[in-house]
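**Q** One file: upload_39.csv (CSV, C-alpha atoms).
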```csv
chain,number,residue,atom,x,y,z
A,1,MET,CA,24.2,-2.4,23.4
A,2,THR,CA,22.9,-4.1,20.3
A,3,ILE,CA,19.1,-4.4,20.0
A,4,LYS,CA,18.0,-7.5,18.2
A,5,PRO,CA,15.3,-7.1,15.6
A,6,LEU,CA,11.9,-8.3,16.4
A,7,PHE,CA,10.6,-11.1,14.1
A,8,ARG,CA,7.0,-12.3,13.9
A,9,LEU,CA,7.2,-15.6,12.1
A,10,ASN,CA,3.9,-17.2,13.3
A,11,ASP,CA,1.4,-14.5,12.5
A,12,GLU,CA,0.3,-15.0,8.9
A,13,ALA,CA,-2.6,-12.6,9.2
A,14,GLY,CA,-0.3,-9.9,10.5
A,15,ARG,CA,2.3,-10.7,7.8
A,16,LEU,CA,-0.3,-10.3,5.0
A,17,ALA,CA,-1.5,-7.1,6.6
A,18,ALA,CA,2.1,-5.7,6.6
A,19,LEU,CA,2.5,-6.7,3.0
A,20,ARG,CA,-0.7,-5.0,1.9
A,21,ARG,CA,0.2,-1.9,3.8
A,22,TYR,CA,2.8,-1.1,1.2
A,23,GLU,CA,0.3,-1.4,-1.6
A,24,ILE,CA,3.0,-2.8,-4.0
A,25,LEU,CA,1.5,-6.0,-5.1
A,26,ASP,CA,0.6,-5.9,-8.9
A,27,SER,CA,2.1,-2.4,-9.2
A,28,ALA,CA,3.9,-1.3,-12.3
A,29,PRO,CA,7.6,-1.7,-12.7
A,30,GLU,CA,9.7,0.9,-10.9
A,31,THR,CA,13.2,1.9,-11.9
A,32,GLU,CA,14.5,1.9,-8.3
A,33,PHE,CA,13.8,-1.8,-7.9
A,34,SER,CA,14.9,-2.8,-11.4
A,35,ASP,CA,18.2,-1.1,-10.8
A,36,ILE,CA,18.7,-2.9,-7.5
A,37,VAL,CA,18.2,-6.4,-9.0
A,38,ALA,CA,20.4,-5.6,-12.0
A,39,LEU,CA,23.2,-4.5,-9.6
A,40,VAL,CA,22.7,-7.6,-7.4
A,41,LYS,CA,22.8,-9.9,-10.5
A,42,SER,CA,26.1,-8.2,-11.6
A,43,ILE,CA,27.7,-8.4,-8.2
A,44,PHE,CA,26.9,-12.1,-7.7
A,45,ASN,CA,27.5,-13.0,-11.3
A,46,THR,CA,24.4,-15.2,-11.4
A,47,LYS,CA,21.9,-15.8,-14.2
A,48,TYR,CA,19.0,-14.4,-12.3
A,49,ALA,CA,18.1,-12.0,-9.4
A,50,ALA,CA,14.7,-11.0,-8.2
A,51,ILE,CA,12.7,-9.1,-5.5
A,52,ASN,CA,9.8,-11.4,-4.6
A,53,LEU,CA,6.7,-10.8,-2.5
A,54,ILE,CA,4.8,-13.6,-0.9
A,55,ASP,CA,1.0,-13.2,-1.0
A,56,SER,CA,-1.4,-15.6,0.6
A,57,GLU,CA,-1.4,-18.1,-2.3
A,58,ARG,CA,1.3,-16.8,-4.7
A,59,GLN,CA,4.7,-15.4,-5.2
A,60,TRP,CA,4.8,-12.1,-7.2
A,61,MET,CA,7.9,-10.5,-8.6
A,62,LYS,CA,8.3,-6.8,-8.1
A,63,ALA,CA,11.5,-6.8,-10.1
A,64,ALA,CA,13.7,-9.3,-11.9
A,65,ALA,CA,17.0,-9.4,-13.8
A,66,GLY,CA,17.7,-12.2,-16.3
A,67,LEU,CA,14.0,-13.1,-16.8
A,68,GLU,CA,10.7,-11.4,-17.3
A,69,PRO,CA,8.8,-10.7,-14.0
A,70,LEU,CA,6.3,-13.5,-13.3
A,71,GLU,CA,4.3,-15.0,-10.5
A,72,CYS,CA,3.9,-18.6,-9.4
A,73,GLY,CA,2.1,-20.6,-6.8
A,74,ARG,CA,3.4,-20.0,-3.3
A,75,GLY,CA,4.0,-23.7,-2.8
A,76,ASP,CA,6.6,-23.7,-5.6
A,77,ALA,CA,8.5,-20.6,-4.5
A,78,PHE,CA,11.9,-20.9,-3.0
A,79,CYS,CA,11.4,-17.6,-1.3
A,80,ASP,CA,8.4,-19.0,0.7
A,81,HIS,CA,11.0,-21.1,2.5
A,82,THR,CA,13.2,-18.0,3.0
A,83,ILE,CA,10.5,-16.0,4.7
A,84,ARG,CA,10.0,-18.7,7.3
A,85,GLY,CA,13.4,-17.9,8.9
A,86,THR,CA,15.2,-14.9,10.1
A,87,SER,CA,18.4,-15.2,8.1
A,88,ALA,CA,19.7,-16.0,4.6
A,89,LEU,CA,18.7,-19.3,3.0
A,90,ALA,CA,21.4,-20.8,0.8
A,91,VAL,CA,20.9,-23.8,-1.5
A,92,GLU,CA,24.1,-25.2,-3.1
A,93,ASP,CA,22.4,-28.0,-5.1
A,94,ALA,CA,18.6,-28.0,-5.3
A,95,THR,CA,18.5,-31.5,-6.7
A,96,ALA,CA,20.1,-32.8,-3.5
A,97,ASP,CA,17.9,-30.8,-1.2
A,98,SER,CA,14.7,-32.6,-0.1
A,99,ARG,CA,12.8,-29.3,0.1
A,100,PHE,CA,13.4,-28.6,-3.6
A,101,SER,CA,14.4,-31.8,-5.4
A,102,ASP,CA,10.8,-32.2,-6.7
A,103,ASN,CA,10.2,-28.5,-7.3
A,104,PRO,CA,9.0,-27.8,-10.9
A,105,PHE,CA,11.6,-25.0,-11.2
A,106,VAL,CA,14.3,-27.6,-10.5
A,107,THR,CA,13.0,-30.6,-12.5
A,108,GLY,CA,11.5,-28.5,-15.3
A,109,GLU,CA,12.9,-26.3,-18.1
A,110,ALA,CA,14.2,-23.6,-15.6
A,111,SER,CA,16.7,-26.2,-14.1
A,112,ILE,CA,17.4,-24.1,-11.0
A,113,ARG,CA,20.3,-25.5,-9.0
A,114,SER,CA,21.6,-22.9,-6.7
A,115,TYR,CA,19.8,-20.2,-4.7
A,116,LEU,CA,20.5,-17.5,-2.1
A,117,GLY,CA,17.6,-15.5,-0.6
A,118,VAL,CA,17.3,-13.0,2.3
A,119,PRO,CA,14.0,-12.1,3.9
A,120,LEU,CA,12.5,-8.6,3.4
A,121,THR,CA,11.5,-7.7,6.9
A,122,SER,CA,9.2,-4.9,7.7
A,123,PRO,CA,10.0,-2.6,10.7
A,124,ASP,CA,7.4,-4.4,12.8
A,125,GLY,CA,9.0,-7.7,12.2
A,126,TYR,CA,7.1,-9.4,9.3
A,127,ASN,CA,8.8,-11.1,6.4
A,128,ILE,CA,6.8,-9.9,3.4
A,129,GLY,CA,9.1,-11.4,0.8
A,130,ALA,CA,12.7,-11.9,-0.2
A,131,ILE,CA,15.5,-10.7,-2.4
A,132,CYS,CA,17.3,-13.5,-4.1
A,133,VAL,CA,19.8,-14.7,-6.7
A,134,PHE,CA,19.6,-18.1,-8.4
A,135,ASP,CA,21.3,-20.0,-11.1
A,136,THR,CA,21.3,-23.1,-13.2
A,137,GLY,CA,24.8,-24.1,-12.0
A,138,LEU,CA,25.9,-25.4,-8.6
A,139,ARG,CA,27.3,-22.8,-6.2
A,140,LYS,CA,28.3,-22.5,-2.6
A,141,PHE,CA,27.5,-19.2,-1.1
A,142,SER,CA,29.9,-17.7,1.5
A,143,ASP,CA,29.1,-15.8,4.7
A,144,ALA,CA,30.3,-12.7,2.9
A,145,ASP,CA,27.8,-13.4,0.1
A,146,LYS,CA,25.0,-13.6,2.7
A,147,THR,CA,26.1,-10.3,4.3
A,148,VAL,CA,26.1,-8.5,1.0
A,149,LEU,CA,22.6,-9.7,0.1
A,150,GLU,CA,21.3,-8.9,3.6
A,151,ASN,CA,22.5,-5.3,3.0
A,152,PHE,CA,20.6,-5.2,-0.2
A,153,ALA,CA,17.5,-6.5,1.6
A,154,LYS,CA,17.8,-3.4,3.9
A,155,VAL,CA,18.0,-1.2,0.8
A,156,VAL,CA,14.9,-2.7,-0.7
A,157,MET,CA,12.9,-2.2,2.6
A,158,SER,CA,14.1,1.4,2.8
A,159,GLN,CA,12.7,1.9,-0.7
A,160,PHE,CA,9.4,0.3,0.4
A,161,GLU,CA,9.3,2.6,3.4
A,162,LEU,CA,10.1,5.7,1.3
A,163,ARG,CA,7.4,4.7,-1.2
A,164,LEU,CA,4.9,4.4,1.7
A,165,ILE,CA,5.8,7.8,3.2
A,166,ALA,CA,5.4,9.4,-0.3
A,167,ARG,CA,1.8,8.0,-0.3
A,168,GLN,CA,0.8,9.5,3.0
A,169,ASP,CA,-0.1,13.1,3.7
A,170,SER,CA,2.3,14.3,6.4
A,171,LEU,CA,-0.3,16.2,8.4
A,172,THR,CA,-3.3,13.9,8.5
A,173,GLY,CA,-1.8,10.5,7.6
A,174,SER,CA,-4.3,10.0,4.8
A,175,LEU,CA,-3.4,9.1,1.3
A,176,THR,CA,-1.8,11.8,-0.9
A,177,ARG,CA,-3.8,12.9,-4.0
A,178,ARG,CA,-1.6,10.8,-6.2
A,179,ALA,CA,-1.9,7.7,-4.1
A,180,PHE,CA,-5.7,8.2,-3.8
A,181,VAL,CA,-6.3,8.5,-7.6
A,182,GLU,CA,-4.1,5.4,-8.0
A,183,ARG,CA,-6.5,3.6,-5.7
A,184,MET,CA,-9.4,4.9,-7.7
A,185,ASP,CA,-7.9,3.5,-10.9
A,186,ARG,CA,-7.6,0.0,-9.3
A,187,LEU,CA,-11.2,0.0,-7.9
A,188,SER,CA,-12.8,1.4,-11.1
A,189,GLY,CA,-12.2,-2.0,-12.8
A,190,ARG,CA,-14.3,-3.9,-10.3
A,191,GLU,CA,-17.7,-5.2,-11.2
A,192,ASP,CA,-19.2,-4.6,-7.7
A,193,PRO,CA,-20.3,-1.1,-6.7
A,194,VAL,CA,-17.8,1.5,-5.5
A,195,SER,CA,-18.6,5.0,-4.4
A,196,LEU,CA,-16.6,8.2,-4.1
A,197,LEU,CA,-17.2,10.9,-1.5
A,198,MET,CA,-15.7,14.4,-2.0
A,199,ILE,CA,-15.6,16.2,1.4
A,200,ASP,CA,-14.9,19.9,2.1
A,201,LEU,CA,-14.8,21.6,5.5
A,202,ASP,CA,-17.2,24.5,5.3
A,203,ARG,CA,-15.8,28.0,5.7
A,204,PHE,CA,-12.4,26.6,6.9
A,205,LYS,CA,-10.7,29.9,5.9
A,206,LEU,CA,-12.5,31.5,8.7
A,207,VAL,CA,-11.0,29.0,11.2
A,208,ASN,CA,-7.4,29.8,9.9
A,209,ASP,CA,-8.1,33.6,9.9
A,210,THR,CA,-9.5,33.6,13.4
A,211,PHE,CA,-7.4,31.1,15.3
A,212,GLY,CA,-4.3,30.7,13.1
A,213,HIS,CA,-3.0,28.0,10.9
A,214,PRO,CA,-1.5,25.8,13.7
A,215,VAL,CA,-5.1,25.5,15.1
A,216,GLY,CA,-6.4,24.9,11.6
A,217,ASP,CA,-4.0,22.0,11.3
A,218,ILE,CA,-5.3,20.5,14.5
A,219,VAL,CA,-8.8,20.7,13.2
A,220,LEU,CA,-7.8,19.1,9.9
A,221,LYS,CA,-6.1,16.2,11.8
A,222,SER,CA,-9.2,15.8,14.1
A,223,VAL,CA,-11.6,15.6,11.2
A,224,ALA,CA,-9.3,13.1,9.3
A,225,THR,CA,-9.0,11.0,12.4
A,226,THR,CA,-12.8,10.9,12.8
A,227,ILE,CA,-13.3,10.0,9.2
A,228,GLN,CA,-10.6,7.3,9.3
A,229,SER,CA,-12.1,5.7,12.5
A,230,SER,CA,-15.4,5.4,10.6
A,231,LEU,CA,-14.0,3.4,7.7
A,232,ARG,CA,-13.5,-0.3,7.0
A,233,LYS,CA,-10.1,-1.7,6.1
A,234,SER,CA,-11.2,-1.9,2.5
A,235,ASP,CA,-12.1,1.8,2.4
A,236,ALA,CA,-9.6,4.6,1.7
A,237,LEU,CA,-9.2,8.2,2.8
A,238,GLY,CA,-7.3,10.8,0.8
A,239,ARG,CA,-6.4,14.4,1.3
A,240,LEU,CA,-6.8,16.0,-2.1
A,241,GLY,CA,-5.6,19.5,-1.0
A,242,GLY,CA,-6.1,22.1,1.6
A,243,GLU,CA,-9.3,21.3,3.5
A,244,GLU,CA,-10.7,18.9,0.8
A,245,PHE,CA,-10.7,15.1,1.5
A,246,ALA,CA,-12.1,12.2,-0.4
A,247,VAL,CA,-13.2,8.7,0.6
A,248,LEU,CA,-13.6,5.5,-1.5
A,249,LEU,CA,-16.2,3.0,-0.4
A,250,PRO,CA,-15.9,-0.4,-2.2
A,251,GLY,CA,-19.1,-2.4,-2.2
A,252,ALA,CA,-21.3,0.7,-1.6
A,253,ASP,CA,-23.8,2.0,-4.1
A,254,ALA,CA,-25.0,5.6,-4.0
A,255,THR,CA,-27.7,4.9,-1.5
A,256,GLY,CA,-25.3,3.2,0.9
A,257,ALA,CA,-22.7,5.9,0.4
A,258,LEU,CA,-25.3,8.6,1.1
A,259,ALA,CA,-26.3,6.9,4.4
A,260,PHE,CA,-22.6,6.7,5.5
A,261,ALA,CA,-21.9,10.3,4.4
A,262,ASP,CA,-24.9,11.7,6.4
A,263,ARG,CA,-23.8,9.8,9.5
A,264,LEU,CA,-20.3,11.2,9.2
A,265,ARG,CA,-21.6,14.7,8.5
A,266,ASN,CA,-23.8,14.6,11.6
A,267,GLU,CA,-21.0,13.3,13.8
A,268,ILE,CA,-18.7,16.1,12.8
A,269,ALA,CA,-21.4,18.8,13.0
A,270,THR,CA,-22.3,17.9,16.6
A,271,ARG,CA,-18.7,17.7,17.9
A,272,LYS,CA,-17.5,20.8,19.9
A,273,LEU,CA,-13.8,21.5,19.5
A,274,ASP,CA,-11.9,23.1,22.4
A,275,GLU,CA,-9.3,24.4,20.0
A,276,ILE,CA,-11.8,26.8,18.4
A,277,ALA,CA,-13.5,27.9,21.6
A,278,GLY,CA,-16.0,25.1,21.7
A,279,ALA,CA,-17.4,25.8,18.2
A,280,ASN,CA,-17.8,23.2,15.6
A,281,VAL,CA,-17.0,22.6,11.9
A,282,THR,CA,-19.3,21.2,9.3
A,283,LEU,CA,-18.9,19.2,6.1
A,284,SER,CA,-20.3,19.5,2.7
A,285,ILE,CA,-20.1,16.1,0.8
A,286,GLY,CA,-20.6,15.2,-2.8
A,287,ILE,CA,-21.3,11.5,-3.7
A,288,ALA,CA,-20.8,9.7,-7.0
A,289,ASP,CA,-21.0,5.9,-7.5
A,290,HIS,CA,-18.8,4.6,-10.3
A,291,ARG,CA,-20.4,3.9,-13.7
A,292,ALA,CA,-19.2,1.1,-15.9
A,293,GLY,CA,-16.6,2.3,-18.4
A,294,GLU,CA,-16.4,5.7,-16.7
A,295,SER,CA,-13.0,7.4,-16.6
A,296,ARG,CA,-11.4,8.4,-13.3
A,297,ASP,CA,-11.5,12.0,-14.3
A,298,LEU,CA,-15.2,12.0,-15.1
A,299,TRP,CA,-15.9,10.1,-11.9
A,300,LEU,CA,-14.0,12.8,-9.9
A,301,ALA,CA,-15.8,15.5,-11.9
A,302,ARG,CA,-19.3,14.2,-11.1
A,303,ALA,CA,-18.4,13.9,-7.3
A,304,ASP,CA,-17.0,17.4,-7.4
A,305,GLN,CA,-20.1,18.8,-9.1
A,306,ALA,CA,-22.2,17.2,-6.3
A,307,LEU,CA,-19.9,18.8,-3.7
A,308,TYR,CA,-20.4,22.1,-5.4
A,309,ALA,CA,-24.1,21.6,-5.2
A,310,ALA,CA,-23.9,20.8,-1.5
A,311,LYS,CA,-22.0,24.0,-0.8
A,312,THR,CA,-24.1,26.3,-2.9
A,313,THR,CA,-27.4,25.0,-1.4
A,314,GLY,CA,-26.5,25.8,2.2
A,315,ARG,CA,-23.5,23.7,3.2
A,316,ASN,CA,-23.5,21.1,5.9
A,317,ARG,CA,-25.3,18.6,3.7
A,318,CYS,CA,-24.7,15.7,1.3
A,319,VAL,CA,-25.7,15.6,-2.4
A,320,VAL,CA,-25.6,12.6,-4.7
A,321,ALA,CA,-24.4,13.3,-8.3
A,322,GLU,CA,-27.0,13.1,-11.0
```
Step by step, read the file and then write its structure as structure tokens.
**A**
Amino acid sequence: MTIKPLFRLNDEAGRLAALRRYEILDSAPETEFSDIVALVKSIFNTKYAAINLIDSERQWMKAAAGLEPLECGRGDAFCDHTIRGTSALAVEDATADSRFSDNPFVTGEASIRSYLGVPLTSPDGYNIGAICVFDTGLRKFSDADKTVLENFAKVVMSQFELRLIARQDSLTGSLTRRAFVERMDRLSGREDPVSLLMIDLDRFKLVNDTFGHPVGDIVLKSVATTIQSSLRKSDALGRLGGEEFAVLLPGADATGALAFADRLRNEIATRKLDEIAGANVTLSIGIADHRAGESRDLWLARADQALYAAKTTGRNRCVVAE
């Protein structure tokens, strides 16, 4: 029995959430995607090929062959029409198609005439963008052409999923260290406040030594779940290694971050865990708000120094960096 894929075409909020889950918008060029569009362009023998993502108001190119990656208004994007359907969109002559005859990419210097695009569909059924080929000459695309591009769309989505998996810690589901520091780099350029929490489970080695590492893993997952449930969508949780976690709080200054951290510390400290015979674990937390012009490494170092101060002055406490 063939199971038909689920498509969610009328849920724009869900579609944008699915797109942002991959954290790929405005990311740096990546060889995997550049190679894909280069191969697609060669196979179809077209002037251009691209992987396009459709944001709320714009189209952004993740990769392009035959032109420099660019972005444009969503209303001018051929791929915005593609994501509104569940199959390939083929345009033989854009000047004769009422949807595109007045499009600036058709009437202007680009002179686009033919186009074939296939939606990039997430596993939960959202069309987040499209892979496409386009040219300045007229062209009729066959069913075989559509099938080939559909297969490449699956390859692109597989790469997106692999990229997402690589960003997630396999035990706790939080961001990996690499993904977390990338998020720090993006947030450090903002003008509004953003604070960093460095979190360490106190005396966690004793948990592993007494109850075993499988129980220790359960405790780590429990703590990560509690932290994650306390965060807003804009916040981020990362596992930096072992029993050390970190949280980013956009919009929070040191005072607000301290209040949040102390609530979290208290919630963890008062929770009894059956896995460790009804005992509890505690957290030491170091807090540093980002300073204008401060490097990521210095920001991390200040938060780490505050964490060290929390641990050396008694543990189960929060300390704000000087």
**Q** Pick the closest to Gly256 (chain A) from A:Gly117, A:Pro193, A:Gly137, A:Pro104: which is it, counting all atoms listed in the file?
**A** A:Pro193
**Q** Would you kindly return, as a list in words, each protein, DNA or RNA residue with an atom no farther than 12 Å from any atom of Thr147 (chain A), considering only C-alpha atoms and excluding same-chain residues fewer than 3 positions away?
**A**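 After dropping sequence-adjacent residues, the list is Ser87, Ala88, Leu89, Leu116, Gly117, Val118, Phe141, Ser142, Asp143, Ala144, Glu150, Asn151, Phe152, Ala153 and Lys154 of chain A.
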**Q** Could you save the residues just selected, with C-alpha atoms, as a PDB file, keeping the file's coordinate frame?
**A**
```pdb
ATOM      1  CA  SER A  87      18.400 -15.200   8.100  1.00  0.00           C
ATOM      2  CA  ALA A  88      19.700 -16.000   4.600  1.00  0.00           C
ATOM      3  CA  LEU A  89      18.700 -19.300   3.000  1.00  0.00           C
ATOM      4  CA  LEU A 116      20.500 -17.500  -2.100  1.00  0.00           C
ATOM      5  CA  GLY A 117      17.600 -15.500  -0.600  1.00  0.00           C
ATOM      6  CA  VAL A 118      17.300 -13.000   2.300  1.00  0.00           C
ATOM      7  CA  PHE A 141      27.500 -19.200  -1.100  1.00  0.00           C
ATOM      8  CA  SER A 142      29.900 -17.700   1.500  1.00  0.00           C
ATOM      9  CA  ASP A 143      29.100 -15.800   4.700  1.00  0.00           C
ATOM     10  CA  ALA A 144      30.300 -12.700   2.900  1.00  0.00           C
ATOM     11  CA  GLU A 150      21.300  -8.900   3.600  1.00  0.00           C
ATOM     12  CA  ASN A 151      22.500  -5.300   3.000  1.00  0.00           C
ATOM     13  CA  PHE A 152      20.600  -5.200  -0.200  1.00  0.00           C
ATOM     14  CA  ALA A 153      17.500  -6.500   1.600  1.00  0.00           C
ATOM     15  CA  LYS A 154      17.800  -3.400   3.900  1.00  0.00           C
TER      16      LYS A 154
END
```
**Q** What separation in Å, quoted to one decimal, exists between CA of Ser284 (chain A) and CA of Leu237 (chain A)?
**A**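 Going from CA of Ser284 (chain A) over to CA of Leu237 (chain A), I get 15.8 Å.
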**Q** Kindly extract all protein, DNA and RNA residues lying within 12 Å of the coordinates (-19.0, -3.0, -10.5) given in the file, considering only C-alpha atoms, and supply them as a list in words.
**A**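 All residues meeting the 12 Å criterion around (-19.0, -3.0, -10.5) are Arg186, Leu187, Ser188, Gly189, Arg190, Glu191, Asp192, Pro193, Val194, Ser195, Pro250, Gly251, Ala252, Asp253, Asp289, His290, Arg291, Ala292, Gly293 and Glu294 of chain A.
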**Q** Taking all atoms listed in the file into account, name the residue in A:Thr210, A:Asp185, A:Thr225, A:Cys318 that is nearest to Arg296 (chain A).
**A**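 Closest to Arg296 (chain A) of all the choices is A:Asp185.
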**Q** What does the distance between CA of Ala321 (chain A) and CA of Glu244 (chain A) come to in Å, to one decimal place?
**A**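 Taking CA of Ala321 (chain A) and CA of Glu244 (chain A), their separation equals 17.4 Å.
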**Q** Just to confirm, what's the straight-line distance from CA of Leu164 (chain A) to CA of Phe78 (chain A) in Å (one decimal)?
**A**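 Interatomic distance, CA of Leu164 (chain A) to CA of Phe78 (chain A): 26.7 Å.
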**Q** Which neighbours of Glu243 (chain A) fall inside 10 Å, counting only C-alpha atoms, when residues of the same chain fewer than 4 positions from it are skipped, and could you give them as a PyMOL selection string?
**A** chain A and resi 199-205+216-217+219-220+223+239
**Q** Report as a list in words all protein, DNA and RNA residues lying within 12 Å of Lys47 (chain A), evaluated on all atoms listed in the file, omitting residues in the same chain fewer than 6 positions from it.
**A**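 Once the adjacent positions are removed, what remains is Val37, Ala38, Val40, Lys41, Ala64, Ala65, Gly66, Leu67, Ala110, Ser111, Ile112, Arg113, Ser114, Tyr115, Cys132, Val133, Phe134, Asp135, Thr136, Gly137, Leu138 and Arg139 of chain A.
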**Q** Once you have the residues from the selection above, write them out as a tab-separated table (two decimals), keeping the file's coordinate frame, restricted to C-alpha atoms.
**A**
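selection22.tsv was written with the following content:
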```tsv
chain	number	residue	atom	x	y	z
A	37	VAL	CA	18.20	-6.40	-9.00
A	38	ALA	CA	20.40	-5.60	-12.00
A	40	VAL	CA	22.70	-7.60	-7.40
A	41	LYS	CA	22.80	-9.90	-10.50
A	64	ALA	CA	13.70	-9.30	-11.90
A	65	ALA	CA	17.00	-9.40	-13.80
A	66	GLY	CA	17.70	-12.20	-16.30
A	67	LEU	CA	14.00	-13.10	-16.80
A	110	ALA	CA	14.20	-23.60	-15.60
A	111	SER	CA	16.70	-26.20	-14.10
A	112	ILE	CA	17.40	-24.10	-11.00
A	113	ARG	CA	20.30	-25.50	-9.00
A	114	SER	CA	21.60	-22.90	-6.70
A	115	TYR	CA	19.80	-20.20	-4.70
A	132	CYS	CA	17.30	-13.50	-4.10
A	133	VAL	CA	19.80	-14.70	-6.70
A	134	PHE	CA	19.60	-18.10	-8.40
A	135	ASP	CA	21.30	-20.00	-11.10
A	136	THR	CA	21.30	-23.10	-13.20
A	137	GLY	CA	24.80	-24.10	-12.00
A	138	LEU	CA	25.90	-25.40	-8.60
A	139	ARG	CA	27.30	-22.80	-6.20
```
